[in-house]
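A.B. asks: The structure follows.
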Amino acid sequence: MDAEAFSSQFEAHRVITATFFAHAATVPKASSQSLVTAISPKTLAARIEDLLPQTQCTKCGYPACRPYAEAIAAGEANYNQCPPGGAQGVARLAALLGKPDIPLDTTHGVERARPVAVIDENVCIGCTLCMQACPVDAIVGAAKQMHTVIAELCTGCDLCVPPCPVDCIAMVPVTGERTGWDAWSQDEADAARARHDRRLARLERERAAAEARANARQAARAAQSTQAAQSAQPGQPAQKAEQTQPASDDPEAKKRAIIQAALERARKKKEEMTKLGAGPKNTDHVSAAVQAQIDEAEARRRRLGLADDANASHPDKGDKPA
Ligand code: SF4
Ligand code: SF4
């Protein structure tokens, strides 16, 4: 579908009608059925987001497709910053916005065949960092177990590549000569968006649960302190309840220790495998273009605050410029 046809079809669906039939004994029969027509309240940002490919790749410079759409609507970002949408994506946005069709801004990446992530399962150490980075939950696996990518769900965003401490994720092109919207369907975009939304909702639930647990622990400690102060003999110092808490109760310290241990295991395993001549292969002959994309993805993750200190401290990753 060309951009003009797409735009007119989009406009045709913009108006949503809803019919409500009201039945009330006190209302005269002639008016007992009323038709209410409502105009869709879709904002410009929502209509722009509908036209984005929903790869959630952050290449546009924003943390996901939705914030980029909001920035375009607010006049803060140009409409040619989405490499996965390619030239056709820019044309769609131009048609919606009533602006000229302009070339893709390649400082955000080039239009390319769509890749999917493939994990070298012999090298994977099961650190889960790629799972945490995947914006559409396309990676499955458990801690210390080999991980794998569900190819049908992968949007080709590259975001799982930089965090992998053993460089065992390769991006493999799967659409031949087809690029942009020729390599990605509206159904795939809708599915990726739904998965991204579900992921955000899950992360928010997990954040709220963690906060509730931390508050409960803090309240328990405060209650213990009060109890200790009340039971102290006059003239004797109150027992410090905090001292009875083992350091391992600090969830942040626990998390840091787990990540540190995983990185240490990864480093050792990488060393051992390199000695045996069986180190990661997909990093040996990476083309300059792919390496540049990986570096860009990593720098973007840092700028957006999506990379944590654990990743930054990785000896092979931490020294790359942001
Ligand atoms: S598997 Fe990797 S490349 Fe594929 S969507 Fe997830 S993070 Fe992106
Ligand atoms: S980041 Fe790499 S090593 Fe860690 S689970 Fe993913 S593929 Fe395996």
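Going through the structure tokens in order, the chains are called A, B, and so on, while each chain numbers its residues from 1 and the ligands are numbered from 1 in the order shown.
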Enumerate residues in contact with ligand 2: an atom-to-atom distance of at most 6 Å, counting only C-alpha atoms and all ligand atoms. Format the result as an mmCIF file with N, CA and C atoms, in the first residue's frame.
C.D. replies:
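File result.cif, as written:
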data_model
loop_
_atom_site.group_PDB
_atom_site.id
_atom_site.type_symbol
_atom_site.label_atom_id
_atom_site.label_comp_id
_atom_site.auth_asym_id
_atom_site.auth_seq_id
_atom_site.Cartn_x
_atom_site.Cartn_y
_atom_site.Cartn_z
ATOM 1 N N ILE A 119 21.039 -16.528 19.335
ATOM 2 C CA ILE A 119 21.979 -16.729 20.441
ATOM 3 C C ILE A 119 22.787 -17.996 20.187
ATOM 4 N N CYS A 124 26.329 -19.159 25.556
ATOM 5 C CA CYS A 124 25.464 -18.450 26.514
ATOM 6 C C CYS A 124 25.681 -18.965 27.938
ATOM 7 N N ILE A 125 25.823 -18.031 28.878
ATOM 8 C CA ILE A 125 26.035 -18.413 30.282
ATOM 9 C C ILE A 125 24.774 -18.209 31.123
ATOM 10 N N GLY A 126 23.691 -17.786 30.469
ATOM 11 C CA GLY A 126 22.425 -17.649 31.201
ATOM 12 C C GLY A 126 22.387 -16.509 32.193
ATOM 13 N N CYS A 127 23.022 -15.376 31.838
ATOM 14 C CA CYS A 127 23.077 -14.261 32.799
ATOM 15 C C CYS A 127 21.779 -13.452 32.833
ATOM 16 N N THR A 128 20.917 -13.623 31.861
ATOM 17 C CA THR A 128 19.603 -12.967 31.724
ATOM 18 C C THR A 128 19.673 -11.490 31.294
ATOM 19 N N LEU A 129 20.880 -10.964 31.042
ATOM 20 C CA LEU A 129 20.959 -9.538 30.691
ATOM 21 C C LEU A 129 20.236 -9.231 29.377
ATOM 22 N N CYS A 130 20.272 -10.182 28.431
ATOM 23 C CA CYS A 130 19.587 -9.939 27.155
ATOM 24 C C CYS A 130 18.069 -9.918 27.350
ATOM 25 N N HIS A 147 19.791 -19.331 27.010
ATOM 26 C CA HIS A 147 18.662 -18.517 26.552
ATOM 27 C C HIS A 147 18.486 -18.681 25.044
ATOM 28 N N PRO A 163 24.410 -5.720 25.828
ATOM 29 C CA PRO A 163 24.547 -6.173 27.225
ATOM 30 C C PRO A 163 25.160 -7.565 27.371
ATOM 31 N N CYS A 164 25.202 -8.376 26.314
ATOM 32 C CA CYS A 164 25.667 -9.771 26.468
ATOM 33 C C CYS A 164 27.158 -9.788 26.834
ATOM 34 N N PRO A 165 27.501 -10.311 28.010
ATOM 35 C CA PRO A 165 28.899 -10.260 28.443
ATOM 36 C C PRO A 165 29.804 -11.219 27.688
ATOM 37 N N VAL A 166 29.241 -12.204 26.970
ATOM 38 C CA VAL A 166 30.098 -13.146 26.238
ATOM 39 C C VAL A 166 29.926 -13.004 24.720
ATOM 40 N N CYS A 168 27.585 -13.461 22.568
ATOM 41 C CA CYS A 168 27.110 -14.654 21.854
ATOM 42 C C CYS A 168 25.801 -14.402 21.108
ATOM 43 N N ILE A 169 25.450 -13.123 20.882
ATOM 44 C CA ILE A 169 24.225 -12.835 20.129
ATOM 45 C C ILE A 169 24.612 -12.227 18.783
#
A.B. asks: Sort by chain and increasing residue number a table of all residues of chain A within 10 Å of ligand 1, each with its closest pair of atoms and their distance in Å to one decimal, counting only C-alpha atoms and all ligand atoms, and write it as CSV.
C.D. replies:
residue,atom,partner,partner_atom_place_in_ligand_line,distance
A:Thr55,CA,ligand 1,5 (S),7.2
A:Gln56,CA,ligand 1,8 (Fe),8.0
A:Cys57,CA,ligand 1,8 (Fe),6.9
A:Arg114,CA,ligand 1,3 (S),9.9
A:Pro115,CA,ligand 1,3 (S),7.6
A:Val116,CA,ligand 1,4 (Fe),5.6
A:Ala117,CA,ligand 1,3 (S),4.8
A:Val118,CA,ligand 1,1 (S),7.7
A:Ile119,CA,ligand 1,1 (S),8.9
A:Cys130,CA,ligand 1,7 (S),6.6
A:Met131,CA,ligand 1,7 (S),7.3
A:Gln132,CA,ligand 1,7 (S),8.4
A:Ala133,CA,ligand 1,7 (S),5.7
A:Cys134,CA,ligand 1,7 (S),3.4
A:Pro135,CA,ligand 1,7 (S),5.9
A:Val136,CA,ligand 1,5 (S),5.7
A:Asp137,CA,ligand 1,6 (Fe),6.3
A:Ala138,CA,ligand 1,6 (Fe),4.9
A:Ile139,CA,ligand 1,1 (S),5.4
A:Val140,CA,ligand 1,1 (S),9.2
A:Thr148,CA,ligand 1,1 (S),8.4
A:Val149,CA,ligand 1,1 (S),5.4
A:Ile150,CA,ligand 1,1 (S),7.3
A:Ala151,CA,ligand 1,4 (Fe),7.4
A:Glu152,CA,ligand 1,4 (Fe),9.1
A:Leu153,CA,ligand 1,5 (S),6.7
A:Cys154,CA,ligand 1,4 (Fe),3.6
A:Thr155,CA,ligand 1,5 (S),4.3
A:Gly156,CA,ligand 1,3 (S),4.1
A:Cys157,CA,ligand 1,8 (Fe),4.0
A:Asp158,CA,ligand 1,3 (S),4.2
A:Leu159,CA,ligand 1,7 (S),4.5
A:Cys160,CA,ligand 1,7 (S),4.1
A:Val161,CA,ligand 1,2 (Fe),6.7
A:Pro162,CA,ligand 1,7 (S),9.8
A:Pro163,CA,ligand 1,7 (S),9.9
A:Ile169,CA,ligand 1,2 (Fe),8.2
A:Ala170,CA,ligand 1,3 (S),9.0
A:Met171,CA,ligand 1,3 (S),7.0
A:Val172,CA,ligand 1,3 (S),9.6
A:Ala192,CA,ligand 1,5 (S),8.6
A:His196,CA,ligand 1,5 (S),9.9
A.B. asks: Step one, run DSSP on the backbone; step two, keep only residues of range 75-171 of chain A assigned to helix (DSSP H, G or I); then write them as a count of residues only.
C.D. replies: 23
A.B. asks: Separation of CA of Ala77 in chain A and CA of Ala183 in chain A, in Å?
C.D. replies: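 CA of Ala77 in chain A sits 24.8 Å away from CA of Ala183 in chain A.
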A.B. asks: Need to verify the contact set: Thr107 in chain A, 9 Å, only C-alpha atoms, exclusion of same-chain residues closer than 3 positions in sequence. Can you return it as a ChimeraX atom specification?
C.D. replies: /A:81,104,110
A.B. asks: Take the selection from the previous step and output its residues with C-alpha atoms, as a tab-separated table (two decimals), in the first residue's frame.
C.D. replies:
chain	number	residue	atom	x	y	z
A	81	GLN	CA	14.45	9.46	12.41
A	104	LEU	CA	15.65	9.25	6.17
A	110	VAL	CA	20.37	3.01	7.82
A.B. asks: Mind giving me the straight-line distance from CA of Trp184 in chain A to CA of Gly109 in chain A in Å, one decimal?
C.D. replies: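 Those two atoms sit 16.9 Å apart.
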A.B. asks: Please compute the CA of Arg112 in chain A-CA of Lys59 in chain A distance, one decimal, in Å.
C.D. replies: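 Value for the CA of Arg112 in chain A-CA of Lys59 in chain A distance: 13.0 Å.
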A.B. asks: Could you go through range 12-213 of chain A and tell me which residues DSSP, when run on the backbone, assigns to strand (DSSP E or B), listing them as a list in words?
C.D. replies: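 Those residues are Ala113, Pro115, Val116, Ala117, Val118, Ile119, Ile139, Val140, Thr148, Val149, Ile169, Ala170, Met171, Val172, Pro173 and Thr179 of chain A.
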A.B. asks: Rank A:Asp250, A:Gln145, A:Ala214, A:Ala45 by their smallest atom-to-atom distance to Pro67 in chain A, using only C-alpha atoms, and report the top residue only.
C.D. replies: A:Ala45
A.B. asks: A:Lys99, A:Glu70, A:Glu121, A:Leu93: which is nearest Gly141 in chain A, counting only C-alpha atoms?
C.D. replies: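 The answer is A:Glu121, which sits nearest to Gly141 in chain A.
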